[in-house]
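Accompanying notes for the structure given below.
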Amino acid sequence: MSEPVQTTNPPDGELTAIDAMQTHQAAEFKHAKPLTICRIDPLGRFVFAGAEDLNVCRWNLETGRLIVLAGHKSWVRSMDFSPDGNWLYTASWDGELHWWLTDDATPRSLRMVRAHRGFARWVRVSPDGALLATCGNDNMIRIWSADVGELVAEMSGHECHPYAVDFHPDGTHLVSEDLMGNVNIWDLAQIKLVASIPTVMTGYDNKFAADMGGARDMRFSPDGNILACAGITNVVNAFAGQQDPIITIVDWETQQVLRHLRPADNATGVAWGVRFHPESFIIGAISKQNGQGLICFWKKDEAVTHVEIEEESDADAKKRQADADALAVKPFHTLKVDSSVRGLDLAPDGRRFAVPLFNGSVRVYQMTAKPAENQEEAGEVPQPAES
Amino acid sequence: MKRGLGCQTIDHVLSRRHFLAGTAVAGFGAVSLGGFSGPVLADTLKGDEKRILQVYLQGGVSQLESWDPKPGTEYGGPFQTIPTSVPGIHICELLPHTARHMHLLSLVRSINLKTDDHHQGRLFMEKGRRGEGNYPYVGSVVAKYLSPEDSALPRYVHISTRGLEDDTAAFLDARYAQMKLEGVVAPNNLSRPRQLSEEQFARRSHFRAQLNQQFTSDRRKALIDSYDASFRQAAQLMSQRDLFEKQSEKELDRYGRHEFGRYCLLARTLLEEGSTCVKVTHHGYDTHAENFNFHVEQLDEFDKPFATLLADVADRGMLESTLVMVYSEFGRTPKINRNYGRDHWGSAWSIALGGCGIQPGAVIGATNAKGTEVIDREVDGGHLFHTYLQALGIDSTANHDIPGRQIPIGDPAVESIKELLA
């Protein structure tokens, strides 16, 4: 079974400056099975994680106490919260969408709808909390009422599996990205597809005759000006996981791809998570092909700087290759992690974030200077790889 | 290495259809290795048209995402099981169309090849022998012993996007080697060049035949006959180019318009037209990363065309004379790796068989609850090889009568899975 592992003191209330360069491990919560995703609730009380044993784990961030949310019959790979933090919505690979009370002492699924035929890959809550958006392997995007779980609208248009969705912060539009890397923009008033933006976030493996791609995470910036999509590009050998991790930055106004966020060392792997930090940087979680993980920090102003590139016939091919990608932005800071990182979520205080790992741990990192009494333990936590 | 040609030419060898019958009547057992001259099955003597349909899932389909799912267990993965048309048999939810036709198939859930190597696994599954030994593939064996002399189409056709250029015939002659079709297109270099009229082309063909005759006069006839037969078989496809060019829209709606759907439709046509062995390869199962996403994609592409093909073969009354195999070179590890992948696993995996000579709706063998080892009726490629051939009425315990040599058809050390045979 799971057990909490405290490695350093939790936040003690003494506010110190946020500094990505000072990021250090603050806590670790251990589970017996590999984790698939993690989220921190809007009130910063709990971290939830999906696991390969069909359960959802809830750890109290202060005490480390674990409560298991049982009820799914397949893996949970996506979850979201009502804005007030009272409700948790979980989507699983058997197509089900479940409603839970976030702080329930004895959690049970209070409502379930069969959202999709095949996987329910993603669930996101609208900015006002009234709607849930899901996407699944029936190639549909569906909108549900958050209060009673009624189907409000459904949208077709993806010709292959949509992997993720997100609401624009103004609530008027929804975006979705599919296996082929196409980002579709939907007008929610008209329930209509209004644009489709191609990205390089896909690849065809000639040897094995199969496609791989799509968003593993997708987030609007809080101001809604840009969209970040985490995933892969430059597929060399899809079946061995040999492709490049990438976070694509899309300008909302022009609907153009602005930049590609890349790891510093051009490692192969998958980008599984992305978040906008209020302090003008972007955090990304990368699982490397070799089983190690990276947490990268990019400057937001660099991520939105437009680059004029000479359009050539093979421009897309070059954009896929890390060394030839004129849109590439490199991180200003990177942390190495000793296990594959499978997601990322930012705490509401902006000081902490959590990552779920293949080794079964949720690690909580703090982006401030270490408490003085723990400075000597520096060797036990991930060290900055590069600055 | 050249083999000894002995004194026999191919003309001296009994016809394929009567090969085993002939050996029995002529006291073949007396010259073969002791104990390998089993009874010849009556169907061979009757001259029934039997054939084999091989669907090869290249790379190693996951048994846990197909024929032997273990939902809710440590390594079960995210998928559920679904019931099938056979009460009590459940398979993975990724195969809903196939599940509706499960009563036409049986499962072997207890294969242990003791190898996790693509090449070795493939050879074992095709030759029924471990290692690199020079033995023919099951398709070539079937082509030799079951295909009629006057076959209008190549005896052993392999439809595949890309390829593994195996020597499938080994010591059997070239007529029984696979003819590779790279998609729903006729073989290369068989079309009449545009600049030649039909008359000119006919004259050229006649001239080539004359040259062949001259060439043959002072060389071994068996070899020449063999290669000439291969050429003739391929050339016959020219006159049937519509097999490749006119797949009906209605049928494509049923089978699917992607490559594998088209291949399955072509396979049905080739079986109907008289090919003895048709092999269709579906690529893309070597899922060391993203095993679950890829199995969703690949099995979604496999399921409907295969189920449609199986049903069509049955509806045409051909299933009783057609052995259907769905197989790989191995399965995939129960343990899920850090990239959401499953790795090579030859130790405890499954295949599906059906049709000619196979008891329908059976499950042979079992793995443990986690799927990590075989716990009942362990079999390997040798057992399966005997089973395929005996299901088709070929005595796999007899010998290939090769000039100067008697070579056991199946591995003498193992037997067929008798309880699977109808």
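By convention here, the chains of the structure tokens are called A, B, ... in the order presented, each chain's residues are numbered starting at 1, and ligands are numbered starting at 1 in the order presented.
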With a cut-off of 6 Å, could you pull out the residues of chain B touching chain A and give me the nearest pair of atoms for each, distance in Å to one decimal, using only C-alpha atoms, ordered by chain and ascending number, as CSV?
residue,atom,partner,partner_atom,distance
B:Pro78,CA,A:Ser74,CA,4.7
B:His283,CA,A:Phe208,CA,5.7
B:Gly284,CA,A:Phe208,CA,4.6
B:Thr287,CA,A:Phe239,CA,4.8
B:His288,CA,A:Ala240,CA,5.1
B:Ala289,CA,A:Gly241,CA,5.1
B:Arg338,CA,A:Phe358,CA,5.9
(request) DSSP on the backbone, then: every residue of range 192-422 of chain B marked helix (DSSP H, G or I), written as an NGL selection string. (result) :B and (198-217 or 221-238 or 242-245 or 249-255 or 259-273 or 291-315 or 319-321 or 381-391 or 418-420)
What does the file look like for those residues with C-alpha atoms, as an mmCIF file, in the first residue's frame?
data_model
loop_
_atom_site.group_PDB
_atom_site.id
_atom_site.type_symbol
_atom_site.label_atom_id
_atom_site.label_comp_id
_atom_site.auth_asym_id
_atom_site.auth_seq_id
_atom_site.Cartn_x
_atom_site.Cartn_y
_atom_site.Cartn_z
ATOM 1 C CA GLU B 198 -0.254 -7.678 -77.722
ATOM 2 C CA GLU B 199 1.042 -9.546 -80.745
ATOM 3 C CA GLN B 200 4.580 -8.336 -80.158
ATOM 4 C CA PHE B 201 4.340 -9.279 -76.513
ATOM 5 C CA ALA B 202 3.075 -12.747 -77.392
ATOM 6 C CA ARG B 203 5.981 -13.215 -79.809
ATOM 7 C CA ARG B 204 8.405 -12.129 -77.130
ATOM 8 C CA SER B 205 6.916 -14.593 -74.667
ATOM 9 C CA HIS B 206 7.171 -17.360 -77.244
ATOM 10 C CA PHE B 207 10.798 -16.461 -77.878
ATOM 11 C CA ARG B 208 11.509 -16.585 -74.150
ATOM 12 C CA ALA B 209 9.934 -20.032 -73.983
ATOM 13 C CA GLN B 210 12.185 -21.207 -76.834
ATOM 14 C CA LEU B 211 15.238 -19.902 -75.046
ATOM 15 C CA ASN B 212 14.112 -21.645 -71.904
ATOM 16 C CA GLN B 213 13.787 -24.858 -73.817
ATOM 17 C CA GLN B 214 17.317 -24.555 -75.188
ATOM 18 C CA PHE B 215 18.634 -23.672 -71.762
ATOM 19 C CA THR B 216 16.841 -26.638 -70.254
ATOM 20 C CA SER B 217 18.204 -29.179 -72.663
ATOM 21 C CA LYS B 221 15.080 -30.367 -65.496
ATOM 22 C CA ALA B 222 13.758 -30.144 -61.946
ATOM 23 C CA LEU B 223 15.288 -26.795 -61.264
ATOM 24 C CA ILE B 224 14.269 -25.355 -64.586
ATOM 25 C CA ASP B 225 10.740 -26.639 -64.196
ATOM 26 C CA SER B 226 10.594 -25.108 -60.791
ATOM 27 C CA TYR B 227 11.632 -21.639 -61.843
ATOM 28 C CA ASP B 228 9.598 -21.830 -65.000
ATOM 29 C CA ALA B 229 6.551 -22.713 -62.934
ATOM 30 C CA SER B 230 7.143 -19.735 -60.694
ATOM 31 C CA PHE B 231 7.353 -17.469 -63.695
ATOM 32 C CA ARG B 232 4.202 -18.934 -65.177
ATOM 33 C CA GLN B 233 2.339 -18.485 -61.915
ATOM 34 C CA ALA B 234 3.334 -14.886 -61.678
ATOM 35 C CA ALA B 235 2.550 -14.306 -65.314
ATOM 36 C CA GLN B 236 -0.910 -15.757 -64.819
ATOM 37 C CA LEU B 237 -1.629 -12.867 -62.539
ATOM 38 C CA MET B 238 -1.326 -10.599 -65.557
ATOM 39 C CA ASP B 242 -8.705 -7.077 -62.185
ATOM 40 C CA LEU B 243 -8.124 -8.908 -58.918
ATOM 41 C CA PHE B 244 -5.985 -5.982 -57.974
ATOM 42 C CA GLU B 245 -7.655 -3.137 -59.745
ATOM 43 C CA GLU B 249 -16.980 0.004 -53.478
ATOM 44 C CA LYS B 250 -19.636 -2.009 -51.704
ATOM 45 C CA GLU B 251 -17.114 -4.531 -50.487
ATOM 46 C CA LEU B 252 -14.697 -1.822 -49.434
ATOM 47 C CA ASP B 253 -17.465 -0.326 -47.346
ATOM 48 C CA ARG B 254 -17.654 -3.631 -45.524
ATOM 49 C CA TYR B 255 -13.933 -4.266 -45.200
ATOM 50 C CA GLU B 259 -4.634 -0.919 -46.426
ATOM 51 C CA PHE B 260 -5.487 -3.826 -44.184
ATOM 52 C CA GLY B 261 -9.144 -3.762 -45.239
ATOM 53 C CA ARG B 262 -8.095 -3.910 -48.870
ATOM 54 C CA TYR B 263 -5.638 -6.706 -48.127
ATOM 55 C CA CYS B 264 -8.326 -8.786 -46.451
ATOM 56 C CA LEU B 265 -10.642 -8.289 -49.391
ATOM 57 C CA LEU B 266 -7.886 -9.341 -51.784
ATOM 58 C CA ALA B 267 -7.200 -12.348 -49.553
ATOM 59 C CA ARG B 268 -10.811 -13.441 -49.884
ATOM 60 C CA THR B 269 -10.622 -13.099 -53.649
ATOM 61 C CA LEU B 270 -7.387 -15.060 -53.860
ATOM 62 C CA LEU B 271 -8.823 -17.857 -51.707
ATOM 63 C CA GLU B 272 -11.940 -17.953 -53.875
ATOM 64 C CA GLU B 273 -9.842 -18.051 -57.015
ATOM 65 C CA ASN B 291 1.267 -0.099 -26.099
ATOM 66 C CA PHE B 292 -2.294 0.832 -25.261
ATOM 67 C CA ASN B 293 -2.721 3.704 -27.691
ATOM 68 C CA PHE B 294 -1.172 1.636 -30.455
ATOM 69 C CA HIS B 295 -3.303 -1.415 -29.733
ATOM 70 C CA VAL B 296 -6.386 0.788 -29.895
ATOM 71 C CA GLU B 297 -5.263 2.011 -33.308
ATOM 72 C CA GLN B 298 -3.970 -1.278 -34.684
ATOM 73 C CA LEU B 299 -6.659 -3.625 -33.412
ATOM 74 C CA ASP B 300 -9.344 -1.192 -34.487
ATOM 75 C CA GLU B 301 -7.878 -1.502 -37.977
ATOM 76 C CA PHE B 302 -7.560 -5.290 -37.682
ATOM 77 C CA ASP B 303 -10.863 -6.217 -36.062
ATOM 78 C CA LYS B 304 -13.557 -5.386 -38.581
ATOM 79 C CA PRO B 305 -11.758 -6.482 -41.769
ATOM 80 C CA PHE B 306 -10.663 -9.734 -40.177
ATOM 81 C CA ALA B 307 -14.130 -10.470 -38.796
ATOM 82 C CA THR B 308 -15.655 -9.630 -42.179
ATOM 83 C CA LEU B 309 -13.206 -11.907 -43.961
ATOM 84 C CA LEU B 310 -13.835 -14.729 -41.498
ATOM 85 C CA ALA B 311 -17.595 -14.375 -41.900
ATOM 86 C CA ASP B 312 -17.333 -14.233 -45.688
ATOM 87 C CA VAL B 313 -15.215 -17.358 -45.817
ATOM 88 C CA ALA B 314 -17.783 -19.089 -43.610
ATOM 89 C CA ASP B 315 -20.760 -17.778 -45.588
ATOM 90 C CA LEU B 319 -14.433 -22.375 -43.732
ATOM 91 C CA GLU B 320 -14.643 -26.137 -43.379
ATOM 92 C CA SER B 321 -11.835 -26.400 -45.891
ATOM 93 C CA GLY B 381 5.779 -23.661 -32.258
ATOM 94 C CA GLY B 382 6.437 -27.338 -32.857
ATOM 95 C CA HIS B 383 3.119 -28.443 -31.420
ATOM 96 C CA LEU B 384 1.328 -25.749 -33.368
ATOM 97 C CA PHE B 385 3.026 -26.709 -36.646
ATOM 98 C CA HIS B 386 1.832 -30.299 -36.335
ATOM 99 C CA THR B 387 -1.625 -29.026 -35.446
ATOM 100 C CA TYR B 388 -1.906 -26.741 -38.484
ATOM 101 C CA LEU B 389 -0.932 -29.501 -40.877
ATOM 102 C CA GLN B 390 -3.006 -32.237 -39.304
ATOM 103 C CA ALA B 391 -6.005 -29.938 -39.282
ATOM 104 C CA LYS B 418 -4.944 -33.359 -30.443
ATOM 105 C CA GLU B 419 -7.743 -31.974 -28.320
ATOM 106 C CA LEU B 420 -7.911 -28.950 -30.608
#
(request) Find the residues around Ala70 in chain A up to 10 Å (only C-alpha atoms counted), leave out those fewer than 2 positions away in its own chain, and share them as JSON, numbers by chain. (result) {"A": [53, 54, 55, 56, 57, 67, 68, 72, 73, 107, 108, 109]}
Test item: residues at most 12 Å from Met367 in chain A, only C-alpha atoms, excluding those fewer than 4 positions along its chain, as a PDB file with C-alpha atoms, in the first residue's frame:
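The result, written out as selection_37.pdb:
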ATOM      1  CA  PRO A  11       5.706  25.242   3.699  1.00  0.00           C
ATOM      2  CA  LEU A  15       6.721  33.610   2.478  1.00  0.00           C
ATOM      3  CA  THR A  16       9.936  33.747   0.540  1.00  0.00           C
ATOM      4  CA  ALA A  17      10.393  34.909  -3.012  1.00  0.00           C
ATOM      5  CA  ILE A  18       9.463  32.583  -5.842  1.00  0.00           C
ATOM      6  CA  ASP A  19      12.597  31.668  -7.731  1.00  0.00           C
ATOM      7  CA  ALA A  20      12.530  28.801 -10.206  1.00  0.00           C
ATOM      8  CA  MET A  21      16.294  28.450  -9.870  1.00  0.00           C
ATOM      9  CA  GLN A  22      15.808  27.513  -6.202  1.00  0.00           C
ATOM     10  CA  THR A  23      13.320  24.753  -6.918  1.00  0.00           C
ATOM     11  CA  HIS A  24      13.748  21.849  -4.551  1.00  0.00           C
ATOM     12  CA  GLN A  25      11.837  18.783  -3.493  1.00  0.00           C
ATOM     13  CA  ALA A  26       9.493  19.503  -0.606  1.00  0.00           C
ATOM     14  CA  HIS A 277       3.324  30.285 -13.780  1.00  0.00           C
ATOM     15  CA  GLU A 279       5.711  34.908 -12.515  1.00  0.00           C
ATOM     16  CA  PHE A 281       7.629  31.478 -16.813  1.00  0.00           C
ATOM     17  CA  ILE A 283       6.950  24.844 -16.536  1.00  0.00           C
ATOM     18  CA  PHE A 297      11.458  26.220 -17.005  1.00  0.00           C
ATOM     19  CA  HIS A 333      16.537  26.121 -15.894  1.00  0.00           C
ATOM     20  CA  LEU A 335      15.745  19.816 -12.982  1.00  0.00           C
ATOM     21  CA  LEU A 346       0.762  23.891 -10.119  1.00  0.00           C
ATOM     22  CA  ALA A 347      -0.494  24.632  -6.625  1.00  0.00           C
ATOM     23  CA  ASP A 349      -0.141  29.405  -4.072  1.00  0.00           C
ATOM     24  CA  GLY A 350       2.173  29.460  -7.087  1.00  0.00           C
ATOM     25  CA  ARG A 351       5.010  28.261  -4.887  1.00  0.00           C
ATOM     26  CA  ARG A 352       4.679  24.519  -5.345  1.00  0.00           C
ATOM     27  CA  PHE A 353       4.029  22.080  -8.124  1.00  0.00           C
ATOM     28  CA  ALA A 354       3.579  18.313  -8.147  1.00  0.00           C
ATOM     29  CA  PRO A 371      14.542  26.402   4.615  1.00  0.00           C
TER      30      PRO A 371
END
(request) Counting only C-alpha atoms, figure out which residue out of A:Gly224, A:Gly203, A:Gly129, A:Pro198 gets nearest to His168 in chain A. (result) A:Gly224
(request) Might you pull out every residue within 12 Å of Ser145 in chain A, with only C-alpha atoms counted and same-chain residues fewer than 4 positions away left off, and present them as number ranges by chain? (result) A: 82, 89, 99, 113, 124-126, 128-134, 149-153
Using N, CA and C atoms, can you export the residues from the last selection as an mmCIF file, in the first residue's frame?
data_model
loop_
_atom_site.group_PDB
_atom_site.id
_atom_site.type_symbol
_atom_site.label_atom_id
_atom_site.label_comp_id
_atom_site.auth_asym_id
_atom_site.auth_seq_id
_atom_site.Cartn_x
_atom_site.Cartn_y
_atom_site.Cartn_z
ATOM 1 N N SER A 82 -14.013 21.655 -9.822
ATOM 2 C CA SER A 82 -14.866 22.843 -9.905
ATOM 3 C C SER A 82 -14.041 24.026 -9.385
ATOM 4 N N TYR A 89 -13.743 15.856 -10.909
ATOM 5 C CA TYR A 89 -14.278 15.110 -12.055
ATOM 6 C C TYR A 89 -13.143 14.275 -12.631
ATOM 7 N N TRP A 99 -18.093 11.868 -10.892
ATOM 8 C CA TRP A 99 -18.168 13.032 -10.005
ATOM 9 C C TRP A 99 -17.834 12.579 -8.575
ATOM 10 N N VAL A 113 -21.358 9.238 -15.845
ATOM 11 C CA VAL A 113 -21.963 9.176 -17.181
ATOM 12 C C VAL A 113 -20.977 8.463 -18.096
ATOM 13 N N ARG A 124 -12.216 18.770 -18.824
ATOM 14 C CA ARG A 124 -11.854 20.117 -18.361
ATOM 15 C C ARG A 124 -13.131 20.847 -17.946
ATOM 16 N N VAL A 125 -12.984 21.676 -16.926
ATOM 17 C CA VAL A 125 -14.114 22.440 -16.400
ATOM 18 C C VAL A 125 -14.074 23.840 -17.003
ATOM 19 N N SER A 126 -15.262 24.363 -17.353
ATOM 20 C CA SER A 126 -15.320 25.710 -17.925
ATOM 21 C C SER A 126 -14.945 26.738 -16.860
ATOM 22 N N ASP A 128 -16.416 29.199 -15.617
ATOM 23 C CA ASP A 128 -17.455 29.492 -14.622
ATOM 24 C C ASP A 128 -17.903 28.247 -13.858
ATOM 25 N N GLY A 129 -17.337 27.115 -14.194
ATOM 26 C CA GLY A 129 -17.648 25.886 -13.479
ATOM 27 C C GLY A 129 -18.939 25.218 -13.894
ATOM 28 N N ALA A 130 -19.653 25.787 -14.868
ATOM 29 C CA ALA A 130 -20.982 25.259 -15.217
ATOM 30 C C ALA A 130 -20.904 24.060 -16.164
ATOM 31 N N LEU A 131 -19.838 23.974 -16.927
ATOM 32 C CA LEU A 131 -19.751 22.950 -17.974
ATOM 33 C C LEU A 131 -18.492 22.097 -17.812
ATOM 34 N N LEU A 132 -18.614 20.874 -18.306
ATOM 35 C CA LEU A 132 -17.449 20.007 -18.434
ATOM 36 C C LEU A 132 -17.286 19.684 -19.912
ATOM 37 N N ALA A 133 -16.058 19.679 -20.381
ATOM 38 C CA ALA A 133 -15.787 19.250 -21.759
ATOM 39 C C ALA A 133 -14.977 17.965 -21.695
ATOM 40 N N THR A 134 -15.346 17.009 -22.530
ATOM 41 C CA THR A 134 -14.590 15.756 -22.611
ATOM 42 C C THR A 134 -14.297 15.443 -24.072
ATOM 43 N N GLY A 149 -24.829 16.494 -14.948
ATOM 44 C CA GLY A 149 -24.242 15.535 -15.879
ATOM 45 C C GLY A 149 -25.043 15.323 -17.147
ATOM 46 N N GLU A 150 -25.865 16.312 -17.515
ATOM 47 C CA GLU A 150 -26.618 16.190 -18.767
ATOM 48 C C GLU A 150 -25.753 16.574 -19.953
ATOM 49 N N LEU A 151 -25.990 15.862 -21.068
ATOM 50 C CA LEU A 151 -25.281 16.203 -22.289
ATOM 51 C C LEU A 151 -25.838 17.509 -22.828
ATOM 52 N N VAL A 152 -24.993 18.502 -22.980
ATOM 53 C CA VAL A 152 -25.419 19.828 -23.432
ATOM 54 C C VAL A 152 -25.175 19.979 -24.932
ATOM 55 N N ALA A 153 -24.056 19.464 -25.392
ATOM 56 C CA ALA A 153 -23.721 19.588 -26.819
ATOM 57 C C ALA A 153 -22.671 18.557 -27.162
#
(request) Would you mind reading off the distance between CA of Asp187 in chain A and CA of Glu253 in chain A, one decimal, in Å? (result) 14.3 Å
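Across the model, the gap from CA of His260 in chain A to CA of Asp223 in chain A is 19.6 Å.
In this structure, CA of Gln58 in chain B sits 29.8 Å away from CA of His116 in chain A.
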(request) Apply DSSP to the structure's backbone, then extract all residues of range 53-168 of chain A labelled strand (DSSP E or B) and return them as an MDAnalysis selection string. (result) chainID A and resid 56:60 66:69 76:81 87:92 96:101 111:114 120:125 131:136 141:145 151:155 162:167
Could you turn the residues from that selection into a file that holds C-alpha atoms, as a PDB file, in the first residue's frame?
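Written file, again08.pdb:
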ATOM      1  CA  VAL A  56      -7.278   7.474  -7.710  1.00  0.00           C
ATOM      2  CA  CYS A  57      -5.086   8.387  -4.733  1.00  0.00           C
ATOM      3  CA  ARG A  58      -5.690  11.466  -2.612  1.00  0.00           C
ATOM      4  CA  TRP A  59      -2.928  12.700  -0.344  1.00  0.00           C
ATOM      5  CA  ASN A  60      -3.365  15.501   2.156  1.00  0.00           C
ATOM      6  CA  LEU A  66      -3.706   8.825   1.824  1.00  0.00           C
ATOM      7  CA  ILE A  67      -7.322   8.114   0.887  1.00  0.00           C
ATOM      8  CA  VAL A  68      -8.118   5.904  -2.104  1.00  0.00           C
ATOM      9  CA  LEU A  69     -10.964   6.760  -4.464  1.00  0.00           C
ATOM     10  CA  VAL A  76      -7.756   7.552 -14.955  1.00  0.00           C
ATOM     11  CA  ARG A  77      -5.610   9.775 -17.133  1.00  0.00           C
ATOM     12  CA  SER A  78      -7.424  13.093 -16.706  1.00  0.00           C
ATOM     13  CA  MET A  79      -9.161  14.960 -13.902  1.00  0.00           C
ATOM     14  CA  ASP A  80     -10.274  18.490 -13.078  1.00  0.00           C
ATOM     15  CA  PHE A  81     -11.974  20.454 -10.283  1.00  0.00           C
ATOM     16  CA  TRP A  87     -15.955  18.767  -6.870  1.00  0.00           C
ATOM     17  CA  LEU A  88     -13.517  16.470  -8.578  1.00  0.00           C
ATOM     18  CA  TYR A  89     -14.278  15.110 -12.055  1.00  0.00           C
ATOM     19  CA  THR A  90     -12.339  12.095 -13.317  1.00  0.00           C
ATOM     20  CA  ALA A  91     -12.242  10.575 -16.805  1.00  0.00           C
ATOM     21  CA  SER A  92     -11.083   7.044 -17.516  1.00  0.00           C
ATOM     22  CA  GLU A  96     -16.626   6.934 -17.984  1.00  0.00           C
ATOM     23  CA  LEU A  97     -16.777  10.333 -16.339  1.00  0.00           C
ATOM     24  CA  HIS A  98     -17.195  10.366 -12.549  1.00  0.00           C
ATOM     25  CA  TRP A  99     -18.168  13.032 -10.005  1.00  0.00           C
ATOM     26  CA  TRP A 100     -16.607  13.022  -6.508  1.00  0.00           C
ATOM     27  CA  LEU A 101     -16.660  15.356  -3.516  1.00  0.00           C
ATOM     28  CA  ARG A 111     -22.458  10.390 -10.438  1.00  0.00           C
ATOM     29  CA  MET A 112     -21.213   8.634 -13.527  1.00  0.00           C
ATOM     30  CA  VAL A 113     -21.963   9.176 -17.181  1.00  0.00           C
ATOM     31  CA  ARG A 114     -20.681   7.108 -20.058  1.00  0.00           C
ATOM     32  CA  ALA A 120     -12.637   9.299 -22.216  1.00  0.00           C
ATOM     33  CA  ARG A 121      -9.241  10.888 -22.678  1.00  0.00           C
ATOM     34  CA  TRP A 122      -9.721  14.284 -21.142  1.00  0.00           C
ATOM     35  CA  VAL A 123     -12.001  16.364 -18.943  1.00  0.00           C
ATOM     36  CA  ARG A 124     -11.854  20.117 -18.361  1.00  0.00           C
ATOM     37  CA  VAL A 125     -14.114  22.440 -16.400  1.00  0.00           C
ATOM     38  CA  LEU A 131     -19.751  22.950 -17.974  1.00  0.00           C
ATOM     39  CA  LEU A 132     -17.449  20.007 -18.434  1.00  0.00           C
ATOM     40  CA  ALA A 133     -15.787  19.250 -21.759  1.00  0.00           C
ATOM     41  CA  THR A 134     -14.590  15.756 -22.611  1.00  0.00           C
ATOM     42  CA  CYS A 135     -13.037  14.095 -25.631  1.00  0.00           C
ATOM     43  CA  GLY A 136     -12.728  10.431 -26.455  1.00  0.00           C
ATOM     44  CA  ILE A 141     -16.050  16.366 -28.171  1.00  0.00           C
ATOM     45  CA  ARG A 142     -18.889  16.511 -25.649  1.00  0.00           C
ATOM     46  CA  ILE A 143     -20.091  19.234 -23.309  1.00  0.00           C
ATOM     47  CA  TRP A 144     -21.852  18.254 -20.073  1.00  0.00           C
ATOM     48  CA  SER A 145     -23.593  20.225 -17.392  1.00  0.00           C
ATOM     49  CA  LEU A 151     -25.281  16.203 -22.289  1.00  0.00           C
ATOM     50  CA  VAL A 152     -25.419  19.828 -23.432  1.00  0.00           C
ATOM     51  CA  ALA A 153     -23.721  19.588 -26.819  1.00  0.00           C
ATOM     52  CA  GLU A 154     -21.521  17.372 -28.899  1.00  0.00           C
ATOM     53  CA  MET A 155     -19.139  18.227 -31.666  1.00  0.00           C
ATOM     54  CA  PRO A 162      -8.802  13.828 -29.927  1.00  0.00           C
ATOM     55  CA  TYR A 163      -6.371  13.672 -27.012  1.00  0.00           C
ATOM     56  CA  ALA A 164      -7.068  16.813 -24.968  1.00  0.00           C
ATOM     57  CA  VAL A 165      -9.379  19.809 -24.656  1.00  0.00           C
ATOM     58  CA  ASP A 166      -9.304  23.157 -22.866  1.00  0.00           C
ATOM     59  CA  PHE A 167     -11.693  26.082 -22.467  1.00  0.00           C
TER      60      PHE A 167
END
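The residue that comes closest to Ile247 in chain A, out of A:Ser196, A:Leu35, A:Leu174, A:Ala322 and on the basis of only C-alpha atoms, is A:Ala322.
The smallest atom-to-atom distance between Ile286 in chain A and any of A:Glu62, A:Glu310, A:Asp338, A:Asp251, using only C-alpha atoms, is found for A:Asp338.
Using only C-alpha atoms, the contacts of Lys300 in chain A at a cut-off of 12 Å, with sequence neighbours closer than 6 positions omitted, comprise Ser221, Asn225, Ile226, Leu227, Ala228, Ile249, Leu258, Arg259, His260, Leu261, Arg275, Phe276, His277, Pro278, Glu279, Ser280, Phe281, Ile282, Ile283, Gly284, Val329, Lys330, Pro331 and Phe332 of chain A.
The closest residue to Thr333 in chain B, picked from B:Asp376, B:Glu49, B:Asp116, B:Asp401 and counting only C-alpha atoms, is B:Asp116.
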